[in-house]
Amino acid sequence: MKDDKKTRRYSKWIGFLGFLGFRGFWYFKTHDVSELYYFMYFAWFGHFLLSKINVSITDEMYLENEKNARAFIGILAMFLISILTVLSVLIKDLNLKPFVVAAFVILVLSYSIKLYSLEK
């Protein structure tokens, strides 16, 4: 089995990859749509919350909280998908890439926040 202390030590610092998301603001200078994908790095900020949760012993309460967080994210995902569908129907020449990137970041960060709030 892997050394959990070593893994936890690195996992609490992996949230700093979220700062790469600020490179997405270069889109406003270059107007290159591919720059928008850097905003997806903001989802790494969720690791700051998840690293504070002690999962060395997964008990029934943690499993229940994880199930509730996944259910919440499922409802939120359906809501975001319906908004994207309505936007694509109403506005024909709308570029949905920024909205898809935003939906991804919202879902990942919402899962982290919801699980953290249920554990505390």
# chains A, B, ... in the order shown; residues from 1 in each chain; ligands from 1
>>> select_by_dssp(residues="segment 43-100 of chain A", states="helix (DSSP H, G or I)", output="number ranges by chain")
A: 43-50, 60-90, 97-100
>>> residues_around(residues="Thr85 of chain A", least_positions_apart="5", cutoff="12 Å", atoms="only C-alpha atoms", output="list in words")
Met78, Phe79, Leu80, Leu90, Ile91, Lys92, Leu94, Leu96, Phe99 and Val100 of chain A
>>> write_last_selection(atoms="N, CA, C and O atoms", output="PDB file, in the first residue's frame")
ATOM      1  N   MET A  78     -27.493  18.767 -14.328  1.00  0.00           N
ATOM      2  CA  MET A  78     -28.693  18.811 -15.168  1.00  0.00           C
ATOM      3  C   MET A  78     -29.166  20.248 -15.360  1.00  0.00           C
ATOM      4  O   MET A  78     -29.592  20.634 -16.449  1.00  0.00           O
ATOM      5  N   PHE A  79     -29.071  21.051 -14.312  1.00  0.00           N
ATOM      6  CA  PHE A  79     -29.449  22.457 -14.405  1.00  0.00           C
ATOM      7  C   PHE A  79     -28.544  23.204 -15.377  1.00  0.00           C
ATOM      8  O   PHE A  79     -29.021  23.952 -16.235  1.00  0.00           O
ATOM      9  N   LEU A  80     -27.239  22.987 -15.277  1.00  0.00           N
ATOM     10  CA  LEU A  80     -26.296  23.670 -16.170  1.00  0.00           C
ATOM     11  C   LEU A  80     -26.455  23.222 -17.620  1.00  0.00           C
ATOM     12  O   LEU A  80     -26.378  24.034 -18.546  1.00  0.00           O
ATOM     13  N   LEU A  90     -31.731  29.531 -28.294  1.00  0.00           N
ATOM     14  CA  LEU A  90     -32.145  30.923 -28.436  1.00  0.00           C
ATOM     15  C   LEU A  90     -31.172  31.759 -29.258  1.00  0.00           C
ATOM     16  O   LEU A  90     -31.583  32.615 -30.028  1.00  0.00           O
ATOM     17  N   ILE A  91     -29.893  31.516 -29.073  1.00  0.00           N
ATOM     18  CA  ILE A  91     -28.871  32.315 -29.768  1.00  0.00           C
ATOM     19  C   ILE A  91     -28.087  31.370 -30.681  1.00  0.00           C
ATOM     20  O   ILE A  91     -27.286  30.560 -30.214  1.00  0.00           O
ATOM     21  N   LYS A  92     -28.324  31.466 -31.949  1.00  0.00           N
ATOM     22  CA  LYS A  92     -27.771  30.495 -32.911  1.00  0.00           C
ATOM     23  C   LYS A  92     -26.256  30.609 -33.077  1.00  0.00           C
ATOM     24  O   LYS A  92     -25.568  29.621 -33.176  1.00  0.00           O
ATOM     25  N   LEU A  94     -23.951  31.627 -31.031  1.00  0.00           N
ATOM     26  CA  LEU A  94     -23.254  31.756 -29.747  1.00  0.00           C
ATOM     27  C   LEU A  94     -22.174  30.684 -29.624  1.00  0.00           C
ATOM     28  O   LEU A  94     -22.429  29.506 -29.880  1.00  0.00           O
ATOM     29  N   LEU A  96     -20.309  28.340 -27.485  1.00  0.00           N
ATOM     30  CA  LEU A  96     -20.580  27.746 -26.174  1.00  0.00           C
ATOM     31  C   LEU A  96     -19.332  27.304 -25.424  1.00  0.00           C
ATOM     32  O   LEU A  96     -19.427  26.859 -24.287  1.00  0.00           O
ATOM     33  N   PHE A  99     -18.855  28.782 -21.967  1.00  0.00           N
ATOM     34  CA  PHE A  99     -19.880  28.328 -21.035  1.00  0.00           C
ATOM     35  C   PHE A  99     -19.643  26.882 -20.595  1.00  0.00           C
ATOM     36  O   PHE A  99     -19.910  26.523 -19.453  1.00  0.00           O
ATOM     37  N   VAL A 100     -19.144  26.062 -21.502  1.00  0.00           N
ATOM     38  CA  VAL A 100     -18.822  24.677 -21.140  1.00  0.00           C
ATOM     39  C   VAL A 100     -17.657  24.643 -20.156  1.00  0.00           C
ATOM     40  O   VAL A 100     -17.662  23.877 -19.189  1.00  0.00           O
TER      41      VAL A 100
END
>>> closest_residue(among="A:Asp93, A:Ile14, A:Glu119, A:Leu76", to="Asp59 of chain A", atoms="only C-alpha atoms")
A:Glu119
>>> closest_residue(among="A:Ala69, A:Val33, A:Met61, A:Leu49", to="Trp13 of chain A", atoms="only C-alpha atoms")
A:Leu49
>>> residues_around(residues="Tyr111 of chain A", least_positions_apart="3", cutoff="12 Å", atoms="only C-alpha atoms", output="JSON, numbers by chain")
{"A": [43, 44, 45, 46, 47, 49, 50, 65, 66, 67, 68, 69, 70, 71, 72, 73, 74, 75, 76, 77, 104, 105, 106, 107, 108, 114, 115, 116, 117, 118]}
>>> atom_distance(atom1="atom CA of His31 of chain A", atom2="atom CA of Leu109 of chain A")
26.2 Å
>>> atom_distance(atom1="atom CA of Lys52 of chain A", atom2="atom CA of Ala102 of chain A")
24.9 Å
